[in-house]
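Structure file data.tsv (TSV, C-alpha atoms) is printed below.
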```tsv
chain	number	residue	atom	x	y	z
E	1	MET	CA	94.59	84.47	120.56
E	2	SER	CA	97.37	85.91	122.62
E	3	ASN	CA	100.95	84.73	122.61
E	4	SER	CA	102.68	84.02	125.88
E	5	GLY	CA	104.94	86.73	127.22
E	6	THR	CA	105.10	90.42	126.62
E	7	PRO	CA	106.35	91.47	123.16
E	8	THR	CA	109.76	93.09	123.24
E	9	ARG	CA	109.72	96.60	121.87
E	10	VAL	CA	112.11	97.59	119.09
E	11	ARG	CA	112.83	101.21	119.91
E	12	GLY	CA	112.89	103.67	117.07
E	13	ARG	CA	116.33	104.95	117.99
E	14	GLU	CA	117.80	101.45	117.91
E	15	SER	CA	116.13	100.50	114.67
E	16	ARG	CA	117.26	103.71	112.98
E	17	THR	CA	120.89	103.16	114.01
E	18	HIS	CA	120.94	99.51	112.93
E	19	GLY	CA	122.11	100.17	109.38
E	20	ALA	CA	124.46	102.97	110.45
E	21	SER	CA	126.12	100.73	113.04
E	22	GLY	CA	126.75	98.01	110.45
E	23	ASP	CA	128.37	100.49	108.04
E	24	ALA	CA	130.47	102.02	110.82
E	25	PHE	CA	131.63	98.55	111.84
E	26	VAL	CA	132.95	97.84	108.33
E	27	CYS	CA	134.56	101.28	107.97
E	28	ARG	CA	136.36	100.99	111.29
E	29	SER	CA	137.67	97.54	110.42
E	30	TRP	CA	139.15	98.81	107.15
E	31	SER	CA	140.57	101.92	108.82
E	32	ASN	CA	142.31	99.83	111.46
E	33	TRP	CA	143.71	97.52	108.81
E	34	ILE	CA	145.07	100.42	106.74
E	35	LEU	CA	146.59	102.00	109.84
E	36	LEU	CA	148.20	98.73	110.89
E	37	ALA	CA	149.58	98.04	107.41
E	38	ALA	CA	150.94	101.56	107.00
E	39	THR	CA	152.59	101.55	110.43
E	40	PHE	CA	154.33	98.24	109.91
E	41	LEU	CA	155.37	99.29	106.42
E	42	ILE	CA	156.90	102.53	107.65
E	43	THR	CA	158.58	100.75	110.56
E	44	THR	CA	160.01	98.07	108.32
E	45	VAL	CA	161.33	100.55	105.76
E	46	GLY	CA	162.80	102.69	108.51
E	47	LEU	CA	164.58	99.80	110.17
E	48	GLY	CA	165.89	98.72	106.77
E	49	LEU	CA	167.35	102.13	106.13
E	50	VAL	CA	168.93	102.21	109.58
E	51	ILE	CA	170.47	98.81	109.16
E	52	ALA	CA	171.69	99.63	105.65
E	53	THR	CA	173.29	102.78	106.99
E	54	LEU	CA	174.96	101.13	109.98
E	55	LEU	CA	176.34	98.06	108.27
E	56	PRO	CA	179.06	99.86	106.23
E	57	ASN	CA	180.17	101.83	109.29
E	58	ARG	CA	180.08	99.31	112.08
E	59	LEU	CA	183.01	100.92	113.88
E	60	VAL	CA	182.04	104.53	113.32
E	61	SER	CA	178.70	105.97	114.44
E	62	PRO	CA	176.82	107.51	111.51
E	63	TRP	CA	174.64	109.69	113.77
E	64	PRO	CA	175.50	113.31	114.55
E	65	TRP	CA	174.22	112.98	118.12
E	66	VAL	CA	175.15	110.65	120.93
E	67	ARG	CA	172.98	107.58	121.43
E	68	THR	CA	170.83	108.38	118.42
E	69	ASP	CA	170.31	104.67	117.84
E	70	VAL	CA	168.84	104.28	121.35
E	71	THR	CA	166.49	107.17	120.71
E	72	LEU	CA	165.31	105.62	117.46
E	73	VAL	CA	164.71	102.27	119.09
E	74	CYS	CA	162.76	103.88	121.96
E	75	ALA	CA	160.69	105.89	119.48
E	76	CYS	CA	159.95	102.73	117.54
E	77	LEU	CA	158.86	100.95	120.72
E	78	LEU	CA	156.70	103.91	121.69
E	79	LEU	CA	155.07	103.94	118.26
E	80	VAL	CA	154.33	100.23	118.36
E	81	THR	CA	153.01	100.45	121.93
E	82	THR	CA	150.74	103.38	121.03
E	83	LEU	CA	149.50	101.46	118.01
E	84	VAL	CA	148.73	98.39	120.09
E	85	LEU	CA	146.85	100.42	122.69
E	86	HIS	CA	144.85	102.20	120.01
E	87	LEU	CA	143.97	98.96	118.24
E	88	THR	CA	142.98	97.40	121.55
E	89	ARG	CA	140.63	100.26	122.29
E	90	GLU	CA	139.22	100.17	118.77
E	91	GLN	CA	138.74	96.42	118.99
E	92	ARG	CA	136.76	96.85	122.18
E	93	ASN	CA	134.60	99.45	120.46
E	94	LEU	CA	134.07	97.10	117.53
E	95	ASN	CA	133.09	94.31	119.90
E	96	ARG	CA	130.55	96.57	121.58
E	97	MET	CA	129.19	97.63	118.19
E	98	ASN	CA	129.00	94.02	117.07
E	99	ALA	CA	127.13	93.08	120.26
E	100	GLU	CA	124.73	95.99	119.66
E	101	ILE	CA	124.13	94.90	116.07
E	102	GLN	CA	123.45	91.34	117.17
E	103	ARG	CA	121.06	92.53	119.85
E	104	VAL	CA	119.13	94.72	117.41
E	105	GLU	CA	119.03	91.89	114.88
E	106	SER	CA	117.71	89.58	117.56
E	107	GLU	CA	114.97	92.06	118.44
E	108	ALA	CA	114.17	92.52	114.75
E	109	ASN	CA	113.85	88.75	114.36
E	110	ALA	CA	111.60	88.67	117.41
E	111	ALA	CA	109.44	91.39	115.83
E	112	SER	CA	109.23	89.36	112.61
E	113	ARG	CA	108.14	86.32	114.57
E	114	ARG	CA	105.45	88.34	116.33
E	115	ARG	CA	104.16	89.56	112.97
E	116	MET	CA	104.09	86.01	111.65
E	117	TYR	CA	102.17	84.87	114.71
E	118	GLY	CA	99.76	87.75	114.15
E	119	LEU	CA	99.14	86.67	110.57
E	120	LEU	CA	98.62	83.09	111.69
E	121	ASN	CA	96.16	84.29	114.32
E	122	VAL	CA	94.19	86.19	111.68
E	123	SER	CA	94.00	83.03	109.59
E	124	ARG	CA	93.01	81.05	112.66
E	125	ILE	CA	90.19	83.46	113.47
E	126	MET	CA	88.23	82.36	110.39
E	127	GLY	CA	88.16	78.78	111.65
E	128	VAL	CA	87.44	79.58	115.29
E	129	HIS	CA	84.92	82.44	115.25
E	130	ASN	CA	81.81	82.94	113.17
E	131	LYS	CA	80.37	86.04	114.81
E	132	PRO	CA	81.66	89.24	113.22
E	133	GLU	CA	82.26	91.05	116.51
E	134	ALA	CA	84.47	88.23	117.78
E	135	VAL	CA	86.40	88.31	114.52
E	136	PHE	CA	86.86	92.09	114.73
E	137	ASP	CA	88.09	91.88	118.32
E	138	GLY	CA	90.49	89.10	117.35
E	139	ILE	CA	91.95	91.25	114.57
E	140	THR	CA	92.68	94.24	116.82
E	141	ALA	CA	94.06	91.99	119.57
E	142	SER	CA	96.41	90.36	117.04
E	143	CYS	CA	97.45	93.84	115.88
E	144	VAL	CA	98.54	94.85	119.37
E	145	GLU	CA	100.55	91.65	119.76
E	146	ALA	CA	102.15	91.69	116.30
E	147	PHE	CA	103.25	95.34	116.16
E	148	GLN	CA	104.88	97.72	118.62
E	149	CYS	CA	101.73	99.62	119.44
E	150	ASP	CA	99.72	100.53	122.50
E	151	ARG	CA	96.41	100.93	120.68
E	152	ALA	CA	94.73	99.42	117.65
E	153	SER	CA	91.33	100.02	116.12
E	154	LEU	CA	89.36	98.59	113.23
E	155	MET	CA	87.08	100.85	111.18
E	156	LEU	CA	84.75	99.36	108.56
E	157	TYR	CA	83.36	101.21	105.59
E	158	ASP	CA	79.58	101.75	105.37
E	159	ASP	CA	78.80	102.34	101.69
E	160	LYS	CA	75.31	103.63	102.50
E	161	THR	CA	76.46	106.52	104.66
E	162	ARG	CA	79.98	106.76	103.16
E	163	GLU	CA	81.45	106.68	106.64
E	164	LEU	CA	84.01	104.67	108.54
E	165	VAL	CA	82.61	103.09	111.69
E	166	VAL	CA	84.80	101.84	114.55
E	167	ARG	CA	83.83	98.21	115.10
E	168	SER	CA	86.62	97.12	117.44
E	169	ALA	CA	89.43	98.63	119.52
E	170	SER	CA	92.20	97.32	121.78
E	171	GLY	CA	94.36	99.15	124.28
E	172	HIS	CA	91.93	102.01	124.91
E	173	GLY	CA	90.91	102.88	128.43
E	174	ASP	CA	87.17	102.84	127.81
E	175	VAL	CA	86.35	100.94	124.64
E	176	SER	CA	82.66	101.85	124.86
E	177	HIS	CA	83.48	105.47	124.01
E	178	VAL	CA	85.37	104.35	120.90
E	179	ILE	CA	83.10	101.67	119.46
E	180	GLY	CA	80.55	103.16	117.06
E	181	ALA	CA	82.46	106.37	116.39
E	182	THR	CA	82.22	107.47	112.76
E	183	GLN	CA	84.53	109.27	110.35
E	184	PRO	CA	83.29	110.56	106.98
E	185	ILE	CA	85.29	109.54	103.93
E	186	GLY	CA	87.77	112.27	103.04
E	187	GLU	CA	87.80	113.85	106.51
E	188	GLY	CA	90.53	113.32	109.08
E	189	ILE	CA	93.46	110.99	108.71
E	190	ALA	CA	91.45	107.77	108.49
E	191	GLY	CA	89.05	109.38	106.02
E	192	TRP	CA	91.97	110.56	103.87
E	193	VAL	CA	93.51	107.07	103.87
E	194	ALA	CA	90.17	105.51	102.93
E	195	GLU	CA	89.56	108.01	100.13
E	196	HIS	CA	93.04	107.74	98.60
E	197	LYS	CA	93.54	104.05	99.52
E	198	LYS	CA	97.07	104.92	100.62
E	199	ALA	CA	98.82	103.79	103.79
E	200	LEU	CA	100.45	106.39	106.05
E	201	ILE	CA	103.12	106.53	108.73
E	202	LEU	CA	102.56	109.40	111.14
E	203	GLY	CA	105.19	110.93	113.36
E	204	ARG	CA	107.98	111.18	110.77
E	205	GLU	CA	109.14	114.50	109.35
E	206	ARG	CA	108.94	113.20	105.78
E	207	GLU	CA	105.19	112.61	105.94
E	208	VAL	CA	104.60	115.95	107.65
E	209	LYS	CA	106.44	117.78	104.85
E	210	GLU	CA	104.57	115.89	102.12
E	211	ASN	CA	101.14	116.25	103.75
E	212	PRO	CA	101.13	119.05	106.36
E	213	GLU	CA	97.43	118.54	107.06
E	214	LEU	CA	98.04	114.92	108.08
E	215	LYS	CA	99.75	115.09	111.43
E	216	LEU	CA	99.22	113.62	114.86
E	217	ASN	CA	96.64	115.61	116.77
E	218	SER	CA	96.90	113.75	120.08
E	219	PRO	CA	99.90	114.91	122.15
E	220	SER	CA	100.11	111.50	123.83
E	221	VAL	CA	100.62	109.62	120.55
E	222	VAL	CA	104.26	109.42	119.45
E	223	ALA	CA	103.88	107.42	116.24
E	224	ALA	CA	101.05	105.82	114.29
E	225	MET	CA	100.25	103.84	111.15
E	226	VAL	CA	96.98	103.99	109.24
E	227	VAL	CA	96.41	101.36	106.55
E	228	PRO	CA	93.38	100.83	104.30
E	229	ILE	CA	91.88	97.36	104.03
E	230	ILE	CA	91.46	96.67	100.32
E	231	LEU	CA	89.96	93.45	98.97
E	232	ARG	CA	89.74	93.06	95.18
E	233	ASP	CA	89.98	96.85	94.76
E	234	GLU	CA	87.06	97.30	97.16
E	235	LEU	CA	87.42	99.36	100.33
E	236	VAL	CA	86.62	97.25	103.37
E	237	GLY	CA	87.86	99.54	106.11
E	238	VAL	CA	90.91	100.99	107.86
E	239	ILE	CA	93.27	99.69	110.54
E	240	ASN	CA	94.85	102.20	112.94
E	241	VAL	CA	97.79	101.43	115.24
E	242	SER	CA	99.52	103.94	117.49
E	243	SER	CA	102.26	104.05	120.12
E	244	GLN	CA	102.54	106.29	123.16
E	245	SER	CA	106.01	105.15	124.22
E	246	PRO	CA	108.80	107.75	123.79
E	247	GLY	CA	111.39	106.72	121.23
E	248	ASP	CA	109.09	104.50	119.21
E	249	ALA	CA	109.05	105.11	115.46
E	250	TYR	CA	107.62	103.15	112.58
E	251	ARG	CA	109.59	102.36	109.45
E	252	ASP	CA	108.65	101.35	105.92
E	253	ASP	CA	109.04	97.64	106.69
E	254	ASP	CA	106.58	98.05	109.60
E	255	LEU	CA	104.10	99.63	107.20
E	256	GLN	CA	104.55	96.85	104.65
E	257	ALA	CA	103.98	94.22	107.34
E	258	LEU	CA	100.79	95.98	108.47
E	259	GLN	CA	99.58	96.13	104.87
E	260	VAL	CA	99.99	92.36	104.54
E	261	PHE	CA	98.17	92.02	107.86
E	262	ALA	CA	95.36	94.24	106.57
E	263	GLU	CA	94.95	92.14	103.41
E	264	ASN	CA	94.52	88.98	105.47
E	265	ALA	CA	92.20	90.82	107.84
E	266	GLY	CA	90.05	91.88	104.86
E	267	VAL	CA	89.58	88.27	103.81
E	268	CYS	CA	88.73	87.34	107.38
E	269	ILE	CA	86.20	90.18	107.69
E	270	ARG	CA	84.44	89.31	104.45
E	271	HIS	CA	84.31	85.65	105.48
E	272	ALA	CA	82.74	86.59	108.82
E	273	GLU	CA	80.19	88.90	107.18
E	274	GLN	CA	79.21	86.24	104.64
E	275	ALA	CA	78.92	83.62	107.37
E	276	GLU	CA	76.70	85.96	109.39
E	277	TRP	CA	74.56	86.69	106.32
E	278	MET	CA	74.14	82.98	105.64
E	279	ARG	CA	73.23	82.35	109.26
E	280	GLN	CA	70.61	85.09	109.26
E	281	THR	CA	69.24	83.94	105.90
E	282	THR	CA	69.02	80.35	107.10
E	283	GLU	CA	67.28	81.44	110.27
E	284	HIS	CA	64.83	83.55	108.27
E	285	LEU	CA	64.03	80.70	105.89
E	286	ARG	CA	63.57	78.35	108.83
E	287	ARG	CA	61.03	80.71	110.40
E	288	GLN	CA	59.23	81.08	107.08
E	289	ALA	CA	59.10	77.32	106.66
E	290	ALA	CA	57.76	76.93	110.19
E	291	LYS	CA	54.96	79.41	109.45
E	292	VAL	CA	54.03	77.58	106.24
E	293	ASN	CA	53.92	74.22	107.99
E	294	GLU	CA	51.73	75.47	110.85
E	295	PRO	CA	48.31	73.75	110.72
E	296	THR	CA	45.49	76.10	109.78
E	297	SER	CA	42.70	76.45	112.30
E	298	ALA	CA	39.34	75.00	111.34
```
Render the structure in this file as structure tokens.
Amino acid sequence: MSNSGTPTRVRGRESRTHGASGDAFVCRSWSNWILLAATFLITTVGLGLVIATLLPNRLVSPWPWVRTDVTLVCACLLLVTTLVLHLTREQRNLNRMNAEIQRVESEANAASRRRMYGLLNVSRIMGVHNKPEAVFDGITASCVEAFQCDRASLMLYDDKTRELVVRSASGHGDVSHVIGATQPIGEGIAGWVAEHKKALILGREREVKENPELKLNSPSVVAAMVVPIILRDELVGVINVSSQSPGDAYRDDDLQALQVFAENAGVCIRHAEQAEWMRQTTEHLRRQAAKVNEPTSA
């Protein structure tokens, strides 16, 4: 189920500055071009005026001060030299920005590949495992590998008690204390997500302003995503992922990817539950048939 190697984290600070760096790169390029064009234009016009002034008076100096022409030439050289140094420095900055953009894009592509592998793993689970618990553990393990998270948990909805029950967890220190924990519908963050069937990103100021009651309670958790598992408008459960690494932050595209993951996980969960029901039913019918076929004692 696991991919080789440790997934590379895409830090929240880097991902947030990705778009800003690209815009700054374009703006700086245009600014340098305008500066270069304006400088050469001014220099060319100035030299033209000087030449036009000197040509009619080749034997008489038109300047009121001595060696004015030398001063003008030195000033022109100084201006051009300053321009070249400035453009060189700016070009180095642009190269660094371009390298940063390429690095962030490379990490973003790596994150997309991890998500794709996670979706493929979820599809693969249906063909490899039949027992529900193995399927649930495979889903949370794929979650940890596909997204930048330290912990992931799967909560399934019990329509009899109207509660969410933790059926699997990955990344927790002691999983036994997590498995079996319940959350009533409408209470807590997971209960709110299940009741409203709306995915949430926690740790961003926007969500805190919109829903002040939905905020991270654990001081060790930096960012989290909570997504409902919906299959044909029916609530199946909730997937929780969280990160404890400073600087991590989830974006809207992370949430959309987790929602797609949750949809595939819902199909996988229902398939596992139906397979388990068929197995139990077959076993029950087999026992009943064995009892019927037992010879009666004389």
Residue with the minimum atom-to-atom distance to Ala223 of chain E, picked from E:Ala290, E:Ile179, E:Ile34, E:Ile201 with all atoms listed in the file counted, is E:Ile201
Rounded to one decimal in Å, what is the spacing between atom CA of Pro228 of chain E and atom CA of Trp277 of chain E?
-> 23.6 Å
Residues within 9 Å of Leu94 of chain E, only C-alpha atoms, excluding chain neighbours under 6 positions, as a ChimeraX atom specification | /E:25,28-29
Export C-alpha atoms of the chosen residues as a short mmCIF file (atom, residue, chain, number, x, y, z; two decimals), in the coordinates of the input?
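Here's the written file part.cif:
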```
data_model
loop_
_atom_site.label_atom_id
_atom_site.label_comp_id
_atom_site.auth_asym_id
_atom_site.auth_seq_id
_atom_site.Cartn_x
_atom_site.Cartn_y
_atom_site.Cartn_z
CA PHE E 25 131.63 98.55 111.84
CA ARG E 28 136.36 100.99 111.29
CA SER E 29 137.67 97.54 110.42
#
```
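Of the listed residues (E:Leu35, E:Ile230, E:Val292, E:Ala262), E:Ala262 comes nearest to Ser153 of chain E; the distances count only C-alpha atoms.
Using all atoms listed in the file, the contacts of Val80 of chain E at a cut-off of 12 Å, with sequence neighbours closer than 5 positions omitted, comprise Leu35, Leu36, Ala38, Thr39, Phe40, Ile42, Thr43, Thr44, Val73, Cys74, Ala75, Leu85, His86 and Leu87 of chain E.
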Shortest contact to Met97 of chain E, candidates E:Cys76, E:Ala24, E:Val166, E:Ala190, atoms counted only C-alpha atoms, goes to E:Ala24
Atom pair atom CA of Thr140 of chain E / atom CA of Ala265 of chain E: separation (Å) |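 According to the coordinates, atom CA of Thr140 of chain E and atom CA of Ala265 of chain E are separated by 9.6 Å.
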Identify the residues within 9 Å of coordinate (90.3, 104.9, 99.8) (same frame as the file), considering all atoms listed in the file, and give the answer as a VMD selection string.
-> chain E and resid 185 to 186 191 to 198 228 to 230 234 to 235 237 to 238
One decimal place gives the atom CA of Gly180 of chain E-atom CA of Asp159 of chain E separation as 15.5 Å
If you count all atoms listed in the file, which residues fall within 9 Å of Val222 of chain E, apart from same-chain ones fewer than 3 positions away, as number ranges by chain?
-> E: 202-203, 216, 218-219, 242-249
Of the candidates E:Leu83, E:Val241, E:Ala37, E:Leu72, which one gets nearest to Ser142 of chain E if we count only C-alpha atoms?
->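 Among the listed residues, the smallest separation from Ser142 of chain E belongs to E:Val241.
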Within 12 Å of file point (85.8, 92.0, 116.2), counting all atoms listed in the file, expressed as a ChimeraX atom specification | /E:122,125-126,129-143,152-156,166-170,179,265,268-269,272-273
Missing atoms in segment 146-157 of chain E: fill them in up to N, CA and C atoms and send the result as a CSV table (one decimal), in the frame of the given file.
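Printed below is rebuild11.csv as written:
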```csv
chain,number,residue,atom,x,y,z
E,146,ALA,N,101.2,91.8,117.4
E,146,ALA,CA,102.2,91.7,116.3
E,146,ALA,C,103.0,92.9,116.1
E,147,PHE,N,102.5,94.1,116.4
E,147,PHE,CA,103.2,95.3,116.2
E,147,PHE,C,103.5,96.1,117.5
E,148,GLN,N,104.5,97.0,117.4
E,148,GLN,CA,104.9,97.7,118.6
E,148,GLN,C,103.9,98.9,118.8
E,149,CYS,N,102.8,98.6,119.3
E,149,CYS,CA,101.7,99.6,119.4
E,149,CYS,C,101.0,99.4,120.8
E,150,ASP,N,100.5,100.5,121.3
E,150,ASP,CA,99.7,100.5,122.5
E,150,ASP,C,98.2,100.4,122.2
E,151,ARG,N,97.8,100.9,121.0
E,151,ARG,CA,96.4,100.9,120.7
E,151,ARG,C,96.2,100.5,119.2
E,152,ALA,N,95.1,99.8,119.0
E,152,ALA,CA,94.7,99.4,117.6
E,152,ALA,C,93.2,99.5,117.5
E,153,SER,N,92.8,99.9,116.4
E,153,SER,CA,91.3,100.0,116.1
E,153,SER,C,91.0,99.6,114.7
E,154,LEU,N,89.8,99.1,114.5
E,154,LEU,CA,89.4,98.6,113.2
E,154,LEU,C,88.1,99.4,112.8
E,155,MET,N,88.2,100.1,111.7
E,155,MET,CA,87.1,100.8,111.2
E,155,MET,C,86.6,100.2,109.9
E,156,LEU,N,85.3,100.0,109.8
E,156,LEU,CA,84.8,99.4,108.6
E,156,LEU,C,84.0,100.4,107.8
E,157,TYR,N,84.0,100.2,106.5
E,157,TYR,CA,83.4,101.2,105.6
E,157,TYR,C,81.9,100.9,105.4
```
